[in-house]
Amino acid sequence: MHPIHLVALVLLLAFSALSALDGLYLHLYRLRLHARPASWNEHLWHTVRSVLFVPMVLALFATRSGGLLLWFGIAVVAVDQVIEALDAASEGAARLEFGGLSSFEYGLHLMLTTLRAAALTAVLVSRPAQAWALDAPLVLEPLAAPWSFLAVQLAFTGVVVALVHVALAVKHCPLTRCQAA
């Protein structure tokens, strides 16, 4: 395994740990964004991002991907970037009730963005030039057992978090929005 891929996995693990603090503790437990009509859209953006996390991890971090699998992972990251921008744009109105984001949450979001960007940069830099060809093998080489297991466990945890987000989005959907759907 390329040593930079290992660095990417460690950065992804740090990102995931802090994401649990932000997403599970702050958003779902403490602030209950899913249960407030003003912040339900923000919860919806978080839901989409939690769903996108799984294929991103599997395509880019769980294996040394190449070719179409590598480009699929990059496409997922691109979609996630758009959703992240929509999420950030929704936070102002969603957090009026709380007086906006706390400085702790701003700082946490800054750390999360930095860790995610560093993890993605490292995992992409770890790819050899031939990996970027569309006809390159989907898997250049398997990761060593403990690291592939860790990445798959992060993806599995991501599935659970995504299902929780979806269930809460459906359960707490403001009536005017759900009746229109």
# chains A, B, ... in the order shown; residues from 1 in each chain; ligands from 1
call {"tool": "residues_around", "arguments": {"residues": "stretch 82-91 of chain A", "least_positions_apart": "6", "cutoff": "7 Å", "atoms": "only C-alpha atoms", "output": "ChimeraX atom specification"}}
result
/A:42,45,49
call {"tool": "write_last_selection", "arguments": {"atoms": "N, CA and C atoms", "output": "PDB file, in the first residue's frame"}}
result
ATOM      1  N   GLU A  42     -31.810  21.910   6.185  1.00  0.00           N
ATOM      2  CA  GLU A  42     -30.407  21.667   6.516  1.00  0.00           C
ATOM      3  C   GLU A  42     -30.205  20.183   6.830  1.00  0.00           C
ATOM      4  N   TRP A  45     -29.981  18.248   3.645  1.00  0.00           N
ATOM      5  CA  TRP A  45     -28.650  18.309   3.028  1.00  0.00           C
ATOM      6  C   TRP A  45     -27.685  17.377   3.750  1.00  0.00           C
ATOM      7  N   ARG A  49     -25.631  14.144   2.153  1.00  0.00           N
ATOM      8  CA  ARG A  49     -24.176  14.008   2.328  1.00  0.00           C
ATOM      9  C   ARG A  49     -23.825  12.703   3.041  1.00  0.00           C
TER      10      ARG A  49
END
call {"tool": "select_by_dssp", "arguments": {"residues": "stretch 8-143 of chain A", "states": "alpha helix (DSSP H)", "output": "number ranges by chain"}}
result
A: 8-19, 40-56, 67-94, 103-125
call {"tool": "residues_around", "arguments": {"residues": "stretch 113-118 of chain A", "least_positions_apart": "4", "cutoff": "10 Å", "atoms": "only C-alpha atoms", "output": "ChimeraX atom specification"}}
result
/A:7-8,10-16,18,84,107-109,122-124
call {"tool": "closest_residue", "arguments": {"among": "A:Tyr29, A:Phe98, A:Trp132, A:Tyr106", "to": "A:Leu70", "atoms": "only C-alpha atoms"}}
result
A:Trp132
call {"tool": "atom_distance", "arguments": {"atom1": "atom CA of A:Ala155", "atom2": "atom CA of A:Leu28"}}
result
19.7 Å
call {"tool": "closest_residue", "arguments": {"among": "A:His43, A:Arg64, A:Arg127, A:His5", "to": "A:Val170", "atoms": "only C-alpha atoms"}}
result
A:His43
call {"tool": "closest_residue", "arguments": {"among": "A:Gly67, A:Gly158, A:Gly99, A:Pro137", "to": "A:Phe53", "atoms": "only C-alpha atoms"}}
result
A:Gly158
call {"tool": "closest_residue", "arguments": {"among": "A:Val51, A:Ala59, A:Val125, A:Asp22", "to": "A:Ser148", "atoms": "only C-alpha atoms"}}
result
A:Ala59
call {"tool": "closest_residue", "arguments": {"among": "A:Leu154, A:Ala136, A:Leu6, A:Leu44", "to": "A:Pro174", "atoms": "only C-alpha atoms"}}
result
A:Leu44
call {"tool": "closest_residue", "arguments": {"among": "A:Pro37, A:Pro55, A:Gly23, A:Pro3", "to": "A:Ala169", "atoms": "only C-alpha atoms"}}
result
A:Pro37
call {"tool": "atom_distance", "arguments": {"atom1": "atom CA of A:Leu58", "atom2": "atom CA of A:Val152"}}
result
6.9 Å
call {"tool": "atom_distance", "arguments": {"atom1": "atom CA of A:Met56", "atom2": "atom CA of A:Val76"}}
result
6.1 Å
call {"tool": "decode", "arguments": {"residues": "stretch 33-149 of chain A", "atoms": "C-alpha atoms", "output": "compact mmCIF listing (two decimals), in the first residue's frame"}}
result
# COMPACT_ATOMS: atom_id res chain seq x y z
CA LEU A 33 -32.21 19.94 13.54
CA HIS A 34 -34.35 17.19 11.98
CA ALA A 35 -37.28 18.01 14.28
CA ARG A 36 -37.39 21.77 13.67
CA PRO A 37 -39.23 23.04 10.58
CA ALA A 38 -36.74 25.92 10.17
CA SER A 39 -33.77 23.54 10.00
CA TRP A 40 -35.37 20.54 8.26
CA ASN A 41 -33.84 21.55 4.90
CA GLU A 42 -30.41 21.67 6.52
CA HIS A 43 -31.05 18.16 7.89
CA LEU A 44 -32.01 17.08 4.37
CA TRP A 45 -28.65 18.31 3.03
CA HIS A 46 -26.90 16.41 5.84
CA THR A 47 -28.91 13.32 4.88
CA VAL A 48 -27.79 13.51 1.24
CA ARG A 49 -24.18 14.01 2.33
CA SER A 50 -24.36 11.02 4.69
CA VAL A 51 -25.62 8.87 1.81
CA LEU A 52 -22.82 10.11 -0.50
CA PHE A 53 -20.16 9.35 2.14
CA VAL A 54 -20.57 5.59 1.63
CA PRO A 55 -19.74 5.33 -2.11
CA MET A 56 -17.00 7.94 -1.67
CA VAL A 57 -15.28 5.81 0.99
CA LEU A 58 -15.73 2.58 -0.94
CA ALA A 59 -14.55 4.02 -4.28
CA LEU A 60 -11.62 6.08 -3.05
CA PHE A 61 -10.44 4.85 0.35
CA ALA A 62 -11.35 1.14 0.72
CA THR A 63 -9.21 0.14 -2.25
CA ARG A 64 -6.57 1.61 -4.52
CA SER A 65 -9.06 2.28 -7.28
CA GLY A 66 -8.36 3.26 -10.85
CA GLY A 67 -10.17 3.84 -14.10
CA LEU A 68 -13.93 4.19 -13.98
CA LEU A 69 -14.12 3.43 -10.24
CA LEU A 70 -11.68 6.24 -9.48
CA TRP A 71 -13.64 8.65 -11.69
CA PHE A 72 -16.92 7.51 -10.11
CA GLY A 73 -15.47 8.36 -6.70
CA ILE A 74 -14.42 11.78 -7.96
CA ALA A 75 -17.92 12.36 -9.36
CA VAL A 76 -19.40 11.51 -5.95
CA VAL A 77 -17.02 14.01 -4.33
CA ALA A 78 -18.07 16.67 -6.87
CA VAL A 79 -21.77 16.12 -6.10
CA ASP A 80 -20.97 16.22 -2.39
CA GLN A 81 -19.22 19.58 -2.85
CA VAL A 82 -22.37 21.03 -4.43
CA ILE A 83 -24.51 19.64 -1.59
CA GLU A 84 -22.03 21.05 0.96
CA ALA A 85 -22.42 24.51 -0.60
CA LEU A 86 -26.23 24.21 -0.45
CA ASP A 87 -25.95 23.07 3.18
CA ALA A 88 -23.77 26.06 4.07
CA ALA A 89 -26.20 28.40 2.31
CA SER A 90 -29.12 26.98 4.31
CA GLU A 91 -27.46 27.32 7.72
CA GLY A 92 -28.18 31.04 8.15
CA ALA A 93 -31.96 30.69 8.04
CA ALA A 94 -31.92 27.29 9.74
CA ARG A 95 -30.03 28.57 12.77
CA LEU A 96 -31.82 31.90 13.40
CA GLU A 97 -33.62 30.31 16.34
CA PHE A 98 -30.22 29.59 17.94
CA GLY A 99 -28.66 32.95 17.08
CA GLY A 100 -26.62 31.35 14.30
CA LEU A 101 -23.86 28.76 14.54
CA SER A 102 -21.84 28.77 17.73
CA SER A 103 -18.14 29.61 17.48
CA PHE A 104 -17.45 26.03 18.56
CA GLU A 105 -19.46 24.68 15.64
CA TYR A 106 -17.82 27.12 13.20
CA GLY A 107 -14.43 25.93 14.38
CA LEU A 108 -15.51 22.31 14.16
CA HIS A 109 -16.77 22.83 10.60
CA LEU A 110 -13.44 24.43 9.69
CA MET A 111 -11.53 21.43 11.09
CA LEU A 112 -13.87 19.01 9.30
CA THR A 113 -13.46 20.78 5.97
CA THR A 114 -9.68 20.80 6.37
CA LEU A 115 -9.50 17.10 7.33
CA ARG A 116 -11.80 16.08 4.49
CA ALA A 117 -9.85 18.11 1.93
CA ALA A 118 -6.55 16.73 3.22
CA ALA A 119 -7.85 13.13 3.16
CA LEU A 120 -9.17 13.52 -0.39
CA THR A 121 -5.98 15.22 -1.56
CA ALA A 122 -3.82 12.48 -0.05
CA VAL A 123 -5.90 9.63 -1.43
CA LEU A 124 -5.89 11.13 -4.94
CA VAL A 125 -2.18 11.98 -4.87
CA SER A 126 -1.46 8.37 -3.88
CA ARG A 127 -2.72 7.18 -7.27
CA PRO A 128 -0.16 6.49 -9.98
CA ALA A 129 -0.54 8.27 -13.31
CA GLN A 130 -1.91 5.14 -15.05
CA ALA A 131 -4.81 4.97 -12.55
CA TRP A 132 -6.38 8.03 -14.16
CA ALA A 133 -6.92 6.38 -17.55
CA LEU A 134 -10.55 5.37 -18.08
CA ASP A 135 -9.48 1.88 -19.14
CA ALA A 136 -7.25 1.34 -16.08
CA PRO A 137 -8.15 -1.59 -13.82
CA LEU A 138 -10.89 -0.74 -11.30
CA VAL A 139 -8.67 -2.01 -8.47
CA LEU A 140 -4.95 -1.35 -8.80
CA GLU A 141 -4.09 -3.31 -5.66
CA PRO A 142 -6.00 -4.42 -2.58
CA LEU A 143 -5.25 -2.70 0.70
CA ALA A 144 -3.66 -4.64 3.54
CA ALA A 145 -6.26 -6.38 5.70
CA PRO A 146 -6.38 -4.04 8.70
CA TRP A 147 -6.69 -0.94 6.52
CA SER A 148 -9.29 -2.31 4.11
CA PHE A 149 -11.28 -3.56 7.12
